[in-house]
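One structure is given here, and the rest of the page talks about it.
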Amino acid sequence: MSDWLGPQEWAAVGLSLKVAFWAMMGAVVPGILVAYVLARWEFYGKQFVNVLVHLPLVLPPVATGYLLLVTFGTQGVVGGALKEIGVVFAFRWTGAALAAAVMAFPLLVRSIRLSIEAIDPKLEQAAATLGASRLRVFFTVTLPLMLPGLLAGMVLAFAKAMGEFGATITFVSNIPGQTRTLPSAIYAFLQVPGGETAAMRLVVVSIIVAAGALILSEVLARRIAAKVG
Amino acid sequence: MSVEVQIRQEFQGFDLDVAFEAPVGLTVLFGSSGSGKTSVINAVAGLSKPRQSRIVVNDEVLSDSVAGRWVPTHQRCLGYVFQEGRLFPHMNVRKNLLYGNGLAKGRGEVASFDQVVDILGIGALLDRRSSELSGGEKQRVAIGRALLARPKVILADEPLAALDEPRKAEILPYFEKLRDEFSLPILYVTHSIAEVARLATTVVALKDGKVDRVGSAAEVLSDPSFTPMGPRAVGAVLEAKVVRHHEDGLTELSANGVALMLPQLSHSVGDQVRVRVAAHDVILSREAPKGLSALNIVEGKVHSVRSGGGPGAIVSVDTKAGRILARITRRSAAALELSEGVPCYAVMKSVSVAPQDIGTR
């Protein structure tokens with residue numbers, strides 16, 4: 001089974017899974033926070049935040065990648081400061097994860113926000129009257145009730161992160177073993193004569209991962225929905 | 001143990017300006033919709049913040065706008081029963097019941113878990129989810145959840161309004177138990193006269209954002225000028241004691257020595273009950289009636305005769321059993337020459353008293 005893919009291809013698959021996993025994990029907490037704020041708070045400039053969050057969805061990915069390079073590159077404002085404390089994104093797998101996280105963020109936020117908006121705020125009020133602080137209300141009422149949406153959002157974010165190409169290649173290039181994720185690898189194989197079969201194998205892997213993620217999210221969502229009632 | 005409330009708040013269309021004190025027992029905030037009663041209870045709960053307020057529960061100041069004090073909802077030691085139950089759908093009944101209990105470990109319990117389950121008869125429901133409960137069961141669990149949160153005050157916002165009549169009759173006794181078995185102040189919002197008659201220790205009637213009148217249920221409901229829901233809903237409350245269950249299915253009560261016969265009650269001999277007698281079910285007679293099928297004939301004196309623009313009049317009669325209100329026509333009032341001080345007899349059919357109009361105490 002393991003010789004079905006060449007070592008380069010395995011590296012790309014492994015890297016993609018790693019990048020997508022960390023992109024998803026990194027985006028989930030800020031995603032919940034932003035979604036909660038957008039769903040439950042009214043404040044001046046809310047629309048601006050909303051647009052900012054959704055920008056990566058509609059902007060050309062190359063443009064997002066370039067903006068990431070400018071900001072988080074070693075010469076960038078944030079990237080320069082982070083470099084001082086030893087955190088480097090540019091041309092590293094961490095950069096690929098960052099790019100994937102940014103690109104997946106709007107999908108994650110949308111999904112979580114919808115599920116929070118579906119929760120009756122009166123339940124949160126009831127919890128408060130029973131002595132639960134805001135934080136406790138969130139963890140004991142809001143979070144469990146938004147779990148199906150959160151999970152669907154996470155799977156969607158993972159799948160999006162697996163497939164992210166434009167922003168990644170612009171921001172962190174296409175370095176084998178470092179930033180050559182699945183899509184980048186497919187692209188690279190297609191650039192060399194005779195690479196079509198390897199590309200096709202990776203396409204098959206992509207399909208399996210994506211379909212697996214969708215099935216998993218469906219199964220989990222059903223189980224949780226049955227539990228949440 | 002009492003609740004002290006002072007609230008001022010401007011809303012579109014009306015100003016809320018309310019001050020009252022609720023002693024131990026059940027205080028009904030009574031009024032039509034838009035009278036401001038829910039705004040009052042939500043201010044006590046801290047769910048909405050009035051412009052000006054002073055709310056004190058058992059000497060603990062929960063809000064004082066002059067001193068700039070505002071205790072957040074979760075620190076107010078409440079037990080709030082909402083109209084729609086608001087059980088947590090992702091927890092079973094047991095977890096719902098214990099939700100507030102675990103958060104208030106520092107305070108003494110009002111009742112133990114077993115006690116609450118027993119009183120409310122929800123032992124068989126503990127492992128069910130709230131989606132598997134009927135409306136009445138949900139409200140019972142909601143009452144239990146509020147009790148188990150170790151509250152210093154119980155709040156209830158129209159807890160029966162979403163239920164049909166049989167369910168209301170099912171839940172009402174639990175609020176009577178709440179009132180009688182725990183020495184807690186209870187603030188209870190309703191627009192139903194029947195609930196006032198059965199439950200209220202104290203009535204705070206609100207009208208257009210102001211306190212219209214305050215008093216015991218008997219005082220307020222026996223006031224013929226108090227007709228917030230129209231003359232059809234008028235009816236006095238008599239307090240009485242169960243004396244005997246007769247073999248023919250009647251229960252004999254004694255209201256301050258006056259015998260009253262009602263269709264069989266489930267209460268035991270010796271129990272104090274309150275009976276709401278609808279004014280339109282009372283007949284008045286100047287002479288002691290003879291050969292009449294009605295079993296309850298009470299002697300008294302006319303206290304007042306009130307009539308508005310319509311054909312009806314409300315006559316209040318002071319009797320040894322308490323004040324009784326009768327709704328008769330103005331024509332009859334004139335024919336009988338009823339006026340203050342005139343002796344007369346109030347006649348009540350036993351069967352006209354509905355079971356849901358009989359409460360404890």
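Each chain in the structure tokens gets a letter, A, B and so on, in the order shown; residues start at 1 in every chain, and ligands are counted from 1 in the order they appear.
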I need the residues in segment 2-208 of chain A that are alpha helix (DSSP H) according to DSSP; give them as a VMD selection string. chain A and resid 7 to 40 46 to 58 61 to 72 77 to 84 93 to 117 121 to 129 134 to 137 143 to 163 166 to 172 182 to 191 196 to 208
Using only C-alpha atoms, I'd like a table of the residues in chain A that come within 6 Å of chain B; for each, show the closest atom pair and its distance in Å rounded to one decimal, ordered by chain and ascending number, as a Markdown table.
```
| residue | atom | partner | partner_atom | distance |
| --- | --- | --- | --- | --- |
| A:Leu123 | CA | B:Arg86 | CA | 5.8 |
| A:Ala128 | CA | B:His74 | CA | 4.8 |
| A:Thr129 | CA | B:His74 | CA | 5.4 |
| A:Leu130 | CA | B:Gly100 | CA | 4.7 |
| A:Gly131 | CA | B:His74 | CA | 3.9 |
| A:Ala132 | CA | B:His74 | CA | 5.4 |
| A:Ser133 | CA | B:His74 | CA | 5.7 |
| A:Val228 | CA | B:His90 | CA | 4.2 |
```
Export C-alpha atoms of the chosen residues as a PDB file, in the first residue's frame?
```pdb
ATOM      1  CA  LEU A 123     -31.783  29.905  27.216  1.00  0.00           C
ATOM      2  CA  ALA A 128     -27.707  33.427  34.040  1.00  0.00           C
ATOM      3  CA  THR A 129     -30.704  33.531  36.391  1.00  0.00           C
ATOM      4  CA  LEU A 130     -29.582  30.152  37.725  1.00  0.00           C
ATOM      5  CA  GLY A 131     -26.247  31.632  38.713  1.00  0.00           C
ATOM      6  CA  ALA A 132     -24.018  31.018  35.699  1.00  0.00           C
ATOM      7  CA  SER A 133     -21.515  33.725  34.784  1.00  0.00           C
ATOM      8  CA  VAL A 228     -28.841  18.024  21.531  1.00  0.00           C
TER       9      VAL A 228
END
```
One number please: atom CA of Val305 of chain B to atom CA of Ala321 of chain B, in Å, one decimal. 19.1 Å
Considering only C-alpha atoms, return as a PyMOL selection string whatever protein or nucleic-acid residues lie within 10 Å of segment 185-192 of chain A, sequence-local ones (same chain, fewer than 2 positions apart) excluded. chain A and resi 8-9+11-13+16+165+174-176+179-183+194-203
Using only C-alpha atoms, which of B:Val44, B:Asp318, B:Val351, B:Arg331 sits nearest Met261 of chain B?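 Ranking B:Val44, B:Asp318, B:Val351, B:Arg331 by distance to Met261 of chain B, first place goes to B:Val351.
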Extract the full set of strand (DSSP E) residues from segment 162-244 of chain B according to DSSP on the backbone, and format it as a JSON list (two decimals) with N, CA and C atoms, in the first residue's frame.
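Contents of out_36.json, as written:
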```json
[["chain", "number", "residue", "atom", "x", "y", "z"],
["B", 185, "PRO", "N", -39.87, 34.76, 49.49],
["B", 185, "PRO", "CA", -40.72, 35.69, 48.75],
["B", 185, "PRO", "C", -40.82, 35.23, 47.29],
["B", 186, "ILE", "N", -42.03, 35.26, 46.76],
["B", 186, "ILE", "CA", -42.24, 34.87, 45.37],
["B", 186, "ILE", "C", -42.88, 36.04, 44.64],
["B", 187, "LEU", "N", -42.29, 36.43, 43.53],
["B", 187, "LEU", "CA", -42.91, 37.44, 42.68],
["B", 187, "LEU", "C", -43.49, 36.73, 41.47],
["B", 188, "TYR", "N", -44.78, 36.89, 41.26],
["B", 188, "TYR", "CA", -45.48, 36.09, 40.27],
["B", 188, "TYR", "C", -46.25, 37.04, 39.35],
["B", 189, "VAL", "N", -45.90, 37.04, 38.08],
["B", 189, "VAL", "CA", -46.56, 37.92, 37.12],
["B", 189, "VAL", "C", -47.71, 37.19, 36.44],
["B", 190, "THR", "N", -48.87, 37.80, 36.39],
["B", 190, "THR", "CA", -49.97, 37.19, 35.65],
["B", 190, "THR", "C", -50.99, 38.24, 35.23],
["B", 202, "THR", "N", -50.25, 38.59, 48.49],
["B", 202, "THR", "CA", -50.34, 40.03, 48.29],
["B", 202, "THR", "C", -50.56, 40.27, 46.80],
["B", 203, "VAL", "N", -51.40, 41.24, 46.50],
["B", 203, "VAL", "CA", -51.60, 41.61, 45.10],
["B", 203, "VAL", "C", -51.03, 43.01, 44.89],
["B", 204, "VAL", "N", -50.20, 43.15, 43.86],
["B", 204, "VAL", "CA", -49.77, 44.48, 43.44],
["B", 204, "VAL", "C", -50.35, 44.66, 42.04],
["B", 205, "ALA", "N", -51.41, 45.43, 41.95],
["B", 205, "ALA", "CA", -52.06, 45.61, 40.65],
["B", 205, "ALA", "C", -51.42, 46.79, 39.94],
["B", 206, "LEU", "N", -50.96, 46.56, 38.72],
["B", 206, "LEU", "CA", -50.33, 47.61, 37.94],
["B", 206, "LEU", "C", -51.27, 48.07, 36.84],
["B", 207, "LYS", "N", -51.18, 49.37, 36.57],
["B", 207, "LYS", "CA", -52.00, 49.92, 35.50],
["B", 207, "LYS", "C", -51.20, 51.02, 34.84],
["B", 210, "LYS", "N", -48.07, 52.18, 36.58],
["B", 210, "LYS", "CA", -48.14, 52.66, 37.97],
["B", 210, "LYS", "C", -48.80, 51.58, 38.85],
["B", 211, "VAL", "N", -48.51, 51.65, 40.15],
["B", 211, "VAL", "CA", -49.19, 50.74, 41.07],
["B", 211, "VAL", "C", -50.61, 51.24, 41.27],
["B", 212, "ASP", "N", -51.56, 50.43, 40.90],
["B", 212, "ASP", "CA", -52.96, 50.82, 41.00],
["B", 212, "ASP", "C", -53.47, 50.57, 42.42],
["B", 213, "ARG", "N", -53.21, 49.38, 42.93],
["B", 213, "ARG", "CA", -53.52, 49.11, 44.33],
["B", 213, "ARG", "C", -52.73, 47.93, 44.85],
["B", 214, "VAL", "N", -52.59, 47.89, 46.17],
["B", 214, "VAL", "CA", -51.84, 46.83, 46.83],
["B", 214, "VAL", "C", -52.69, 46.30, 47.98],
["B", 215, "GLY", "N", -52.67, 45.00, 48.18],
["B", 215, "GLY", "CA", -53.41, 44.46, 49.31],
["B", 215, "GLY", "C", -53.47, 42.95, 49.22],
["B", 235, "GLY", "N", -65.10, 39.01, 41.08],
["B", 235, "GLY", "CA", -65.51, 37.95, 42.00],
["B", 235, "GLY", "C", -64.70, 38.06, 43.27],
["B", 236, "ALA", "N", -65.38, 37.90, 44.41],
["B", 236, "ALA", "CA", -64.69, 38.03, 45.68],
["B", 236, "ALA", "C", -64.08, 36.69, 46.09],
["B", 237, "VAL", "N", -63.14, 36.75, 47.02],
["B", 237, "VAL", "CA", -62.51, 35.55, 47.52],
["B", 237, "VAL", "C", -62.89, 35.37, 48.99],
["B", 238, "LEU", "N", -63.40, 34.20, 49.32],
["B", 238, "LEU", "CA", -63.73, 33.90, 50.70],
["B", 238, "LEU", "C", -62.73, 32.90, 51.25],
["B", 239, "GLU", "N", -62.32, 33.13, 52.48],
["B", 239, "GLU", "CA", -61.42, 32.17, 53.12],
["B", 239, "GLU", "C", -62.24, 31.28, 54.03],
["B", 240, "ALA", "N", -61.98, 30.00, 53.94],
["B", 240, "ALA", "CA", -62.81, 29.08, 54.70],
["B", 240, "ALA", "C", -62.00, 27.85, 55.10],
["B", 241, "LYS", "N", -62.62, 27.04, 55.96],
["B", 241, "LYS", "CA", -61.95, 25.85, 56.46],
["B", 241, "LYS", "C", -62.82, 24.65, 56.11],
["B", 242, "VAL", "N", -62.18, 23.55, 55.72],
["B", 242, "VAL", "CA", -62.95, 22.35, 55.39],
["B", 242, "VAL", "C", -63.44, 21.72, 56.69],
["B", 243, "VAL", "N", -64.77, 21.53, 56.80],
["B", 243, "VAL", "CA", -65.33, 20.99, 58.04],
["B", 243, "VAL", "C", -65.64, 19.51, 57.90],
["B", 244, "ARG", "N", -66.26, 19.15, 56.78],
["B", 244, "ARG", "CA", -66.73, 17.78, 56.68],
["B", 244, "ARG", "C", -66.97, 17.43, 55.21]]
```
Distance query Ile324 of chain B at most 10 Å, only C-alpha atoms, self and fewer than 5 positions along chain excluded, as a count of residues only: 24
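For Arg113 of chain A, the residues within 6 Å (counting only C-alpha atoms, excluding itself and residues fewer than 3 positions away along the chain) are Ala35, Ala39, Val109, Arg110 and Ile116 of chain A.
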For the selection you just gave me, I'd like the residues written to a file as an mmCIF file, in the first residue's frame, keeping C-alpha atoms.
```cif
data_model
loop_
_atom_site.group_PDB
_atom_site.id
_atom_site.type_symbol
_atom_site.label_atom_id
_atom_site.label_comp_id
_atom_site.auth_asym_id
_atom_site.auth_seq_id
_atom_site.Cartn_x
_atom_site.Cartn_y
_atom_site.Cartn_z
ATOM 1 C CA ALA A 35 -18.646 34.446 15.159
ATOM 2 C CA ALA A 39 -23.917 36.965 16.193
ATOM 3 C CA VAL A 109 -17.051 31.905 10.924
ATOM 4 C CA ARG A 110 -20.115 31.709 8.699
ATOM 5 C CA ILE A 116 -25.068 30.625 17.318
#
```
Neighbour list for Asn50 of chain A as a PyMOL selection string, cut-off 10 Å, only C-alpha atoms, skip fewer than 3 positions in-chain: chain A and resi 34-35+38+45-47+53-55+106+109-110
How many Å separate atom CA of Val5 of chain B from atom CA of Leu184 of chain B?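 Atom-to-atom, atom CA of Val5 of chain B and atom CA of Leu184 of chain B are spaced 15.9 Å apart.
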